[in-house]
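Visitor: See upload-v8.txt below, with compact mmCIF, C-alpha atoms.
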# COMPACT_ATOMS: atom_id res chain seq x y z
CA MET A 1 132.69 64.53 91.94
CA LYS A 2 128.92 64.49 91.69
CA VAL A 3 126.71 67.46 92.53
CA LYS A 4 123.02 68.20 92.29
CA VAL A 5 121.97 71.43 90.57
CA ARG A 6 118.64 73.15 91.01
CA TYR A 7 117.30 75.96 88.81
CA PHE A 8 114.62 78.49 89.75
CA ALA A 9 112.13 80.67 87.88
CA ALA A 10 113.64 82.00 84.60
CA PHE A 11 116.61 79.62 84.97
CA ARG A 12 114.31 76.61 85.15
CA GLU A 13 112.65 77.73 81.94
CA ALA A 14 115.98 78.44 80.24
CA ALA A 15 117.51 75.10 81.30
CA GLY A 16 114.33 73.18 80.51
CA THR A 17 114.69 71.29 83.77
CA GLU A 18 114.35 71.97 87.48
CA THR A 19 117.06 69.67 88.80
CA GLU A 20 119.91 67.61 87.42
CA THR A 21 122.81 65.61 88.77
CA LEU A 22 126.19 66.31 87.19
CA GLU A 23 129.70 64.94 87.19
CA THR A 24 131.91 68.04 87.41
CA ALA A 25 135.43 69.27 88.05
CA ALA A 26 134.25 72.79 88.88
CA VAL A 27 135.53 73.97 92.26
CA SER A 28 133.15 76.89 92.76
CA PRO A 29 129.54 77.75 91.97
CA ALA A 30 130.89 80.35 89.52
CA GLU A 31 132.72 77.69 87.49
CA LEU A 32 129.77 75.33 87.74
CA PHE A 33 127.36 77.94 86.38
CA VAL A 34 129.57 78.40 83.29
CA GLU A 35 129.49 74.63 82.72
CA CYS A 36 125.74 74.53 83.12
CA ALA A 37 125.28 77.36 80.65
CA LYS A 38 127.27 75.31 78.10
CA ARG A 39 124.87 72.39 78.55
CA HIS A 40 121.82 74.66 78.34
CA GLN A 41 122.49 77.41 75.78
CA PRO A 42 119.56 79.67 76.81
CA LEU A 43 121.20 80.10 80.24
CA GLN A 44 124.09 81.94 78.59
CA LYS A 45 122.19 85.18 78.23
CA TYR A 46 121.65 85.36 81.99
CA SER A 47 123.89 86.30 84.85
CA ALA A 48 123.01 84.50 88.04
CA SER A 49 122.55 86.78 91.03
CA LEU A 50 122.54 84.59 94.13
CA VAL A 51 123.67 81.07 94.88
CA ALA A 52 123.07 78.69 97.75
CA ILE A 53 124.78 75.45 98.72
CA ASN A 54 122.69 72.93 100.68
CA ASP A 55 120.08 75.57 101.56
CA GLU A 56 122.57 78.14 102.84
CA MET A 57 123.31 81.32 100.89
CA ALA A 58 126.85 81.00 99.57
CA ASP A 59 129.61 82.93 97.90
CA TRP A 60 130.22 82.50 94.16
CA GLU A 61 133.81 81.51 94.98
CA ALA A 62 132.93 79.06 97.77
CA LEU A 63 134.34 75.53 97.48
CA ILE A 64 131.90 72.86 96.43
CA SER A 65 132.14 69.27 97.64
CA ASP A 66 130.96 65.92 96.41
CA GLY A 67 127.27 65.44 97.07
CA ASP A 68 126.47 69.16 97.45
CA GLU A 69 123.23 70.60 96.16
CA ILE A 70 123.87 73.90 94.35
CA LEU A 71 120.90 76.27 93.92
CA PHE A 72 121.12 78.84 91.13
CA PHE A 73 118.88 81.86 91.65
CA PRO A 74 118.16 84.26 88.83
CA PRO A 75 118.06 87.96 89.72
CA VAL A 76 115.30 88.52 92.23
CA ALA A 77 112.18 90.59 91.67
CA GLY A 78 113.75 93.82 92.91
CA GLY A 79 111.99 97.21 93.10
CA MET B 1 92.57 149.49 119.11
CA LYS B 2 90.51 146.53 120.22
CA VAL B 3 91.51 142.93 119.54
CA LYS B 4 90.16 139.55 120.55
CA VAL B 5 92.61 137.04 122.02
CA ARG B 6 92.10 133.30 122.16
CA TYR B 7 94.15 130.84 124.25
CA PHE B 8 94.51 127.10 123.65
CA ALA B 9 95.35 124.05 125.76
CA ALA B 10 98.03 124.89 128.37
CA PHE B 11 97.65 128.62 127.63
CA ARG B 12 93.94 128.50 128.39
CA GLU B 13 94.70 126.91 131.75
CA ALA B 14 97.52 129.38 132.49
CA ALA B 15 95.41 132.42 131.53
CA GLY B 16 92.33 131.09 133.30
CA THR B 17 90.23 132.08 130.31
CA GLU B 18 89.66 130.96 126.74
CA THR B 19 88.96 134.34 125.13
CA GLU B 20 89.19 137.98 126.05
CA THR B 21 88.82 141.31 124.33
CA LEU B 22 91.59 143.82 124.96
CA GLU B 23 92.37 147.46 124.32
CA THR B 24 96.03 147.41 123.17
CA ALA B 25 98.80 149.46 121.56
CA ALA B 26 100.77 146.33 120.56
CA VAL B 27 101.60 146.29 116.86
CA SER B 28 102.52 142.61 116.54
CA PRO B 29 101.45 139.27 118.06
CA ALA B 30 104.86 139.15 119.78
CA GLU B 31 104.21 142.41 121.62
CA LEU B 32 100.66 141.40 122.39
CA PHE B 33 101.78 138.10 123.96
CA VAL B 34 104.10 139.98 126.33
CA GLU B 35 101.16 142.19 127.38
CA CYS B 36 98.94 139.16 127.91
CA ALA B 37 101.58 137.45 130.03
CA LYS B 38 101.64 140.55 132.27
CA ARG B 39 97.87 140.27 132.78
CA HIS B 40 98.10 136.51 133.42
CA GLN B 41 101.30 135.76 135.36
CA PRO B 42 101.26 131.95 134.77
CA LEU B 43 101.67 132.62 131.03
CA GLN B 44 105.13 134.08 131.67
CA LYS B 45 106.76 130.72 132.06
CA TYR B 46 105.72 129.72 128.53
CA SER B 47 106.99 130.66 125.15
CA ALA B 48 104.30 130.60 122.52
CA SER B 49 105.14 128.55 119.45
CA LEU B 50 102.62 129.42 116.75
CA VAL B 51 100.23 132.28 116.22
CA ALA B 52 97.30 132.84 113.90
CA ILE B 53 95.39 135.98 112.99
CA ASN B 54 91.78 135.52 111.93
CA ASP B 55 92.25 131.77 111.33
CA GLU B 56 95.36 132.14 109.18
CA MET B 57 98.79 131.10 110.48
CA ALA B 58 100.79 134.31 110.94
CA ASP B 59 104.24 135.63 111.65
CA TRP B 60 105.12 136.82 115.16
CA GLU B 61 106.07 140.20 113.67
CA ALA B 62 102.94 140.58 111.50
CA LEU B 63 100.94 143.78 111.92
CA ILE B 64 97.70 143.48 113.85
CA SER B 65 94.68 145.63 113.12
CA ASP B 66 91.64 146.79 115.01
CA GLY B 67 89.09 143.97 115.32
CA ASP B 68 91.55 141.13 114.62
CA GLU B 69 91.27 137.85 116.46
CA ILE B 70 94.69 136.67 117.62
CA LEU B 71 95.10 132.95 118.42
CA PHE B 72 97.97 131.97 120.72
CA PHE B 73 99.05 128.36 120.36
CA PRO B 74 101.27 126.70 122.94
CA PRO B 75 103.99 124.36 121.63
CA VAL B 76 102.31 121.51 119.78
CA ALA B 77 102.39 117.86 120.78
CA GLY B 78 105.56 117.10 118.81
CA GLY B 79 107.27 113.71 118.62
CA MET C 1 92.45 110.96 96.97
CA LYS C 2 94.06 113.69 99.07
CA SER C 3 92.60 114.82 102.36
CA PHE C 4 93.24 115.65 105.99
CA GLY C 5 90.49 115.08 108.53
CA VAL C 6 89.75 115.21 112.23
CA SER C 7 87.64 112.56 113.94
CA THR C 8 86.04 112.42 117.37
CA HIS C 9 85.35 108.68 116.85
CA PRO C 10 87.70 105.69 116.55
CA ILE C 11 89.23 105.62 113.07
CA ASP C 12 87.94 102.93 110.70
CA LEU C 13 91.26 101.74 109.30
CA ALA C 14 89.79 99.47 106.63
CA ALA C 15 87.75 102.35 105.20
CA PHE C 16 90.78 104.65 105.48
CA ARG C 17 92.92 102.23 103.46
CA LYS C 18 90.23 101.76 100.84
CA GLN C 19 90.32 105.48 99.96
CA LEU C 20 93.97 105.08 99.01
CA GLN C 21 93.65 101.99 96.84
CA ASP C 22 94.74 102.60 93.29
CA ARG C 23 95.49 100.03 90.60
CA SER C 24 98.33 102.14 89.26
CA CYS C 25 100.11 101.99 92.64
CA GLY C 26 102.53 99.26 93.69
CA ALA C 27 103.40 100.71 97.09
CA TYR C 28 101.41 101.72 100.15
CA VAL C 29 102.96 103.12 103.33
CA GLN C 30 100.93 103.75 106.46
CA PHE C 31 101.94 105.37 109.72
CA ASP C 32 99.85 104.99 112.88
CA GLY C 33 100.41 106.92 116.06
CA TRP C 34 99.32 104.73 118.98
CA VAL C 35 98.57 105.81 122.53
CA ARG C 36 101.61 104.62 124.48
CA ASP C 37 101.50 103.47 128.11
CA HIS C 38 104.45 105.60 129.21
CA ASN C 39 106.18 108.92 128.56
CA GLU C 40 109.34 110.25 130.18
CA GLY C 41 109.17 107.73 132.98
CA GLN C 42 105.49 108.28 133.81
CA GLN C 43 102.82 105.61 133.41
CA VAL C 44 100.11 106.93 131.09
CA LEU C 45 96.50 105.78 131.55
CA ARG C 46 94.80 107.72 128.78
CA LEU C 47 95.17 110.92 126.85
CA GLU C 48 93.29 113.74 125.28
CA TYR C 49 93.89 115.66 122.09
CA GLU C 50 92.69 119.22 121.75
CA ILE C 51 92.49 120.36 118.15
CA TYR C 52 91.68 123.76 116.76
CA GLU C 53 89.87 122.23 113.85
CA PRO C 54 89.39 125.09 111.36
CA LEU C 55 93.13 125.73 111.17
CA ALA C 56 94.24 122.12 111.65
CA VAL C 57 92.20 121.02 108.64
CA LYS C 58 93.37 123.92 106.48
CA GLU C 59 97.06 123.46 107.39
CA GLY C 60 96.76 119.64 107.30
CA ASN C 61 95.49 119.77 103.73
CA ARG C 62 98.34 122.12 102.86
CA ILE C 63 100.85 119.56 104.20
CA ILE C 64 99.19 116.77 102.18
CA THR C 65 99.36 118.88 99.02
CA GLU C 66 103.03 119.70 99.63
CA ALA C 67 103.84 116.01 100.08
CA VAL C 68 101.99 115.00 96.92
CA GLU C 69 103.78 117.66 94.87
CA ARG C 70 107.23 117.24 96.39
CA PHE C 71 107.36 113.44 96.19
CA ALA C 72 105.01 112.93 93.21
CA VAL C 73 102.90 110.31 94.97
CA SER C 74 99.41 109.41 93.77
CA ASN C 75 97.32 109.55 96.95
CA ALA C 76 97.81 110.76 100.52
CA CYS C 77 95.36 111.01 103.41
CA ALA C 78 95.55 111.56 107.15
CA ILE C 79 93.08 111.54 110.03
CA HIS C 80 93.76 112.81 113.56
CA ARG C 81 91.67 111.85 116.57
CA SER C 82 90.27 114.54 118.83
CA GLY C 83 89.18 114.13 122.45
CA LEU C 84 89.76 111.40 125.04
CA MET C 85 91.45 108.11 124.11
CA GLY C 86 92.54 104.91 125.83
CA LEU C 87 95.78 102.92 125.51
CA SER C 88 96.60 101.37 122.12
CA GLU C 89 94.00 103.44 120.29
CA VAL C 90 95.03 104.99 116.98
CA ALA C 91 95.56 108.72 117.59
CA VAL C 92 96.64 109.55 114.04
CA VAL C 93 96.94 107.67 110.77
CA VAL C 94 98.74 108.72 107.58
CA GLY C 95 98.54 106.68 104.36
CA VAL C 96 100.30 107.20 101.03
CA SER C 97 100.04 105.17 97.83
CA SER C 98 102.39 105.53 94.91
CA PRO C 99 103.70 103.57 91.91
CA HIS C 100 107.04 103.00 93.73
CA ARG C 101 107.94 102.62 97.38
CA GLY C 102 110.71 105.18 97.95
CA GLU C 103 108.41 108.13 97.33
CA ALA C 104 105.65 106.58 99.44
CA PHE C 105 107.99 106.27 102.46
CA ASP C 106 109.33 109.81 102.02
CA ALA C 107 105.89 111.38 101.61
CA CYS C 108 104.41 109.52 104.59
CA ARG C 109 107.27 110.61 106.82
CA TYR C 110 107.08 114.19 105.58
CA ILE C 111 103.37 114.39 106.40
CA ILE C 112 103.67 113.09 109.97
CA ASP C 113 106.82 115.13 110.69
CA GLN C 114 105.22 118.34 109.44
CA ALA C 115 101.91 117.57 111.14
CA LYS C 116 103.70 117.23 114.48
CA VAL C 117 105.21 120.71 114.27
CA ARG C 118 102.71 122.73 112.24
CA LEU C 119 99.23 121.69 113.32
CA PRO C 120 97.39 123.30 116.24
CA ILE C 121 96.99 120.00 118.10
CA TRP C 122 97.83 119.52 121.78
CA LYS C 123 98.16 116.39 123.81
CA LYS C 124 97.29 116.06 127.50
CA GLU C 125 98.46 112.92 129.26
CA TYR C 126 96.73 111.49 132.33
CA TYR C 127 99.12 109.60 134.60
CA ALA C 128 98.76 106.74 137.04
CA ASN C 129 99.73 109.09 139.92
CA GLY C 130 96.66 111.26 139.28
CA ASN C 131 98.49 114.11 137.53
CA ALA C 132 97.79 115.36 134.02
CA GLU C 133 100.17 117.35 131.80
CA TRP C 134 100.06 119.11 128.47
CA VAL C 135 102.92 117.29 126.74
CA ASN C 136 105.96 119.32 125.68
CA CYS C 137 105.00 122.31 127.74
CA GLN C 138 107.39 121.35 130.52
CA ARG C 139 110.32 121.17 128.11
CA CYS C 140 109.62 124.49 126.45
CA ALA C 141 108.93 126.46 129.59
CA HIS C 142 111.23 129.45 130.17
CA ALA C 143 111.69 128.59 133.80
CA VAL C 144 110.26 125.78 135.89
CA MET D 1 106.93 89.55 117.87
CA LYS D 2 109.48 89.01 115.11
CA SER D 3 108.81 86.79 112.14
CA PHE D 4 108.94 86.36 108.39
CA GLY D 5 106.40 84.14 106.68
CA VAL D 6 105.21 82.99 103.27
CA SER D 7 101.51 82.61 102.47
CA THR D 8 99.71 80.99 99.56
CA HIS D 9 96.44 82.64 100.67
CA PRO D 10 95.38 86.29 100.79
CA ILE D 11 97.00 88.01 103.76
CA ASP D 12 94.70 88.83 106.70
CA LEU D 13 95.86 92.37 107.40
CA ALA D 14 93.89 92.83 110.61
CA ALA D 15 95.46 89.69 112.10
CA PHE D 16 98.88 90.78 110.83
CA ARG D 17 98.56 94.15 112.58
CA LYS D 18 97.35 92.58 115.79
CA GLN D 19 100.61 90.62 116.16
CA LEU D 20 102.48 93.92 116.25
CA GLN D 21 100.33 95.70 118.80
CA ASP D 22 102.26 96.67 121.88
CA ARG D 23 101.25 99.10 124.60
CA SER D 24 104.80 100.35 124.96
CA CYS D 25 104.84 101.45 121.29
CA GLY D 26 103.71 104.85 120.06
CA ALA D 27 104.53 104.29 116.40
CA TYR D 28 103.52 101.73 113.79
CA VAL D 29 104.74 101.77 110.18
CA GLN D 30 103.39 99.38 107.57
CA PHE D 31 104.48 98.86 103.98
CA ASP D 32 102.29 96.98 101.50
CA GLY D 33 103.38 95.92 98.05
CA TRP D 34 100.33 95.95 95.79
CA VAL D 35 99.96 94.25 92.42
CA ARG D 36 100.18 97.16 89.95
CA ASP D 37 98.33 97.25 86.63
CA HIS D 38 101.38 98.25 84.60
CA ASN D 39 105.14 97.80 84.41
CA GLU D 40 107.53 99.37 81.92
CA GLY D 41 104.75 100.35 79.57
CA GLN D 42 103.00 96.95 79.57
CA GLN D 43 99.50 96.39 80.92
CA VAL D 44 99.66 93.74 83.65
CA LEU D 45 96.66 91.44 84.22
CA ARG D 46 97.96 89.30 87.05
CA LEU D 47 101.21 87.98 88.43
CA GLU D 48 102.83 85.06 90.06
CA TYR D 49 105.46 84.83 92.77
CA GLU D 50 107.76 81.85 92.94
CA ILE D 51 109.44 81.51 96.32
CA TYR D 52 112.05 79.04 97.44
CA GLU D 53 110.52 78.85 100.86
CA PRO D 54 113.17 77.12 103.02
CA LEU D 55 115.74 79.78 102.23
CA ALA D 56 113.33 82.70 101.92
CA VAL D 57 112.07 82.09 105.45
CA LYS D 58 115.56 81.62 106.89
CA GLU D 59 116.96 84.73 105.18
CA GLY D 60 113.75 86.72 105.79
CA ASN D 61 114.02 86.08 109.53
CA ARG D 62 117.65 87.13 109.40
CA ILE D 63 116.64 90.46 107.82
CA ILE D 64 113.98 90.99 110.50
CA THR D 65 116.54 90.31 113.25
CA GLU D 66 119.03 92.71 111.68
CA ALA D 67 116.38 95.44 111.50
CA VAL D 68 115.33 94.93 115.12
CA GLU D 69 118.92 95.10 116.32
CA ARG D 70 120.08 97.93 114.09
CA PHE D 71 117.15 100.26 114.74
CA ALA D 72 116.17 99.03 118.22
CA VAL D 73 112.50 98.61 117.36
CA SER D 74 110.18 96.46 119.46
CA ASN D 75 108.40 94.31 116.88
CA ALA D 76 108.78 93.56 113.18
CA CYS D 77 106.97 91.07 110.94
CA ALA D 78 106.61 90.44 107.23
CA ILE D 79 104.57 88.10 105.04
CA HIS D 80 105.13 87.48 101.33
CA ARG D 81 102.49 85.96 99.06
CA SER D 82 103.37 82.99 96.90
CA GLY D 83 101.59 81.88 93.71
CA LEU D 84 99.09 83.60 91.42
CA MET D 85 97.58 86.96 92.31
CA GLY D 86 95.17 89.48 90.79
CA LEU D 87 95.40 93.29 90.57
CA SER D 88 95.40 95.27 93.83
CA GLU D 89 96.08 92.21 95.97
CA VAL D 90 98.69 92.56 98.71
CA ALA D 91 101.84 90.76 97.54
CA VAL D 92 103.93 91.60 100.57
CA VAL D 93 103.38 93.34 103.89
CA VAL D 94 105.96 94.59 106.39
CA GLY D 95 104.98 96.00 109.79
CA VAL D 96 107.13 97.54 112.52
CA SER D 97 106.13 98.91 115.92
CA SER D 98 108.38 100.96 118.13
CA PRO D 99 108.23 103.53 120.95
CA HIS D 100 109.15 106.31 118.48
CA ARG D 101 108.47 106.82 114.80
CA GLY D 102 111.88 107.51 113.26
CA GLU D 103 113.15 104.02 114.04
CA ALA D 104 109.91 102.41 112.85
CA PHE D 105 110.20 104.11 109.44
CA ASP D 106 113.88 103.21 109.11
CA ALA D 107 113.40 99.57 110.11
CA CYS D 108 110.39 99.07 107.82
CA ARG D 109 112.27 100.47 104.86
CA TYR D 110 115.35 98.41 105.65
CA ILE D 111 113.31 95.20 105.73
CA ILE D 112 111.58 95.75 102.40
CA ASP D 113 114.76 97.02 100.69
CA GLN D 114 116.78 94.03 101.88
CA ALA D 115 113.97 91.59 101.12
CA LYS D 116 113.87 92.82 97.52
CA VAL D 117 117.53 92.04 96.93
CA ARG D 118 118.28 89.10 99.24
CA LEU D 119 115.30 86.77 99.17
CA PRO D 120 114.89 83.98 96.61
CA ILE D 121 111.57 85.33 95.32
CA TRP D 122 110.78 85.80 91.63
CA LYS D 123 107.94 87.63 89.99
CA LYS D 124 106.35 86.66 86.69
CA GLU D 125 104.04 89.17 85.08
CA TYR D 126 101.21 88.21 82.73
CA TYR D 127 100.44 90.94 80.19
CA ALA D 128 97.35 92.00 78.26
CA ASN D 129 99.09 91.05 74.99
CA GLY D 130 99.33 87.41 76.08
CA ASN D 131 103.04 87.46 76.97
CA ALA D 132 104.50 86.63 80.36
CA GLU D 133 107.92 87.68 81.68
CA TRP D 134 110.07 87.00 84.73
CA VAL D 135 110.57 90.56 85.92
CA ASN D 136 114.11 91.97 85.97
CA CYS D 137 115.53 89.19 83.85
CA GLN D 138 115.41 91.32 80.75
CA ARG D 139 117.40 94.10 82.41
CA CYS D 140 120.07 91.83 83.76
CA ALA D 141 120.56 89.69 80.68
CA HIS D 142 124.07 89.71 79.21
CA ALA D 143 122.70 90.11 75.73
CA VAL D 144 119.17 90.28 74.45
Mind turning the file's structure into structure tokens?
Guide:
Amino acid sequence: MKVKVRYFAAFREAAGTETETLETAAVSPAELFVECAKRHQPLQKYSASLVAINDEMADWEALISDGDEILFFPPVAGG
Amino acid sequence: MKVKVRYFAAFREAAGTETETLETAAVSPAELFVECAKRHQPLQKYSASLVAINDEMADWEALISDGDEILFFPPVAGG
Amino acid sequence: MKSFGVSTHPIDLAAFRKQLQDRSCGAYVQFDGWVRDHNEGQQVLRLEYEIYEPLAVKEGNRIITEAVERFAVSNACAIHRSGLMGLSEVAVVVGVSSPHRGEAFDACRYIIDQAKVRLPIWKKEYYANGNAEWVNCQRCAHAV
Amino acid sequence: MKSFGVSTHPIDLAAFRKQLQDRSCGAYVQFDGWVRDHNEGQQVLRLEYEIYEPLAVKEGNRIITEAVERFAVSNACAIHRSGLMGLSEVAVVVGVSSPHRGEAFDACRYIIDQAKVRLPIWKKEYYANGNAEWVNCQRCAHAV
């Protein structure tokens, strides 16, 4: 299936792109993030903190469907 | 001994006076307040909350001396 | 900046805040006490604060110092209004600035909580039915 | 009044406060996040917030609603700045008004604590030595 991926802040800089469209067999955002970090080595030193699917906050183990837009959020600003 | 007494807010209204000078044998502000409430009946329905001697917050069992000014504070505004 | 003050005039909140600005601070917490239109079922029209200023200022500054030491905040100030006030006016303001927010919240709350029980300040409410009461004196009366 | 907003312009604090005024409320608590001149030993010159606004606003309003329900306060609003900012500017403001103060403190703290962990908002600091860092990404890196 085809999904759209969007990277924010430090992730955008690490991936060298803001958005990309991928052909993937990943079933969850967690699996997809591992794939993305293989494509963009600098992403490997990060752990993602939050994820959204089609503008709704989502679980890392949610199921992704063809055509979904997955948003990877680096850890937020915090304290 | 002679002491000066000063009443605030609801106490001033209950005593009908703001200050008075008394001849007393009371050794502590606690004893003195009981005496004052005998002179001014409406004070009897109140319990005093804080007391000061010569502009310093004091204990109800502190010793009072000739010439002291005793300030009786009704319960403060609270929450 | 650390100070407790009493004011017979409306409090200038912008000036109050400015005293607490500090480039080393990332957090600012402010508490305002507003004149509320009701209390225990009665409609309040206005109120009056009586303050015994010499002791209120001395004890107020002591509370500020305690808060600064206990919570290690950078700046803390408070001002309490004295006299007659209308609805929605600011009766008391407490401001605390600090590098981090947890301490600023704790110190601000400490100051207002302590101020409410330790300062010689009394509130008289004037009600729509024409009555006026020194607040809290009903509750603490021995007999009614 | 209950709302969460994002602003690319300096926040008008007087207008912000006015939204929260309420004659039935005796307590107002406000938290400001200020741009601090240092972080983890580095001198900060300015900073930048990146916000994914569609989700930040949706989730921000959810946090406000949770706070209002959980602590039974009357009004709660927050605004977060987006983009570049200089020292001492207000990066975020949270205000809560309520009949009594305990709930106002609790709700205000809940909103800022939750906002810091749940909203898609990232902070980049620009340092005196010419470097710039996305804050917190060092700490949470798998390996450095």
Visitor: Pick out the residues sitting within 9 Å of region 49-56 of chain A, and hand them over as a PyMOL selection string; count all atoms listed in the file, and ignore anything fewer than 4 positions along from it in its own chain.
Guide: (chain A and resi 29+60+62+64+68-76) or (chain D and resi 54-55+58-59+118+120)
Visitor: Quick one: everything within 7 Å of region 27-30 of chain C, counting all atoms listed in the file, minus sequence neighbours fewer than 5 positions away in the same chain. Send it as a list in words.
Guide: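 In the requested form, the answer reads Val94, Gly95, Val96, Ser97, Ser98, Pro99, His100, Arg101, Ala104, Phe105 and Cys108 of chain C; Val29, Gln30, Phe31, Asp32, Gly33 and Trp34 of chain D.
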Visitor: Which of these residues is nearest to chain A, using only C-alpha atoms: D:Lys124, D:Lys116, D:His80, D:Arg46?
Guide: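 Selected residue with least distance to chain A: D:Lys116.
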Visitor: Pick the closest to Ile64 (chain D) from D:Gly26, D:Pro10, D:Gly83, D:Gly5: which is it, counting only C-alpha atoms?
Guide: D:Gly5
Visitor: Report, in Å with one decimal, the straight-line distance from CA of Glu66 (chain C) to CA of Val93 (chain C).
Guide: 17.5 Å
Visitor: Which polymer residues have any atom within 12 Å of an atom of Glu40 (chain C), counting all atoms listed in the file, with same-chain residues fewer than 4 positions away left out, as a PyMOL selection string?
Guide: (chain C and resi 36+44+125+127+133+135-136+138-139) or (chain D and resi 99)
Visitor: Taking into account all atoms listed in the file, which residue in the set A:Gly67, A:His40, A:Val3, A:Phe33 is nearest to Thr17 (chain A)?
Guide: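 Checking each of A:Gly67, A:His40, A:Val3, A:Phe33 against Thr17 (chain A), counting all atoms listed in the file, the winner is A:His40.
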Visitor: Using only C-alpha atoms, pick whichever of D:Asn39, D:Val90, D:Gly130, D:Asp106 has the shortest atom-to-atom distance to chain A.
Guide: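 Of all the options, D:Asn39 lies closest to chain A.
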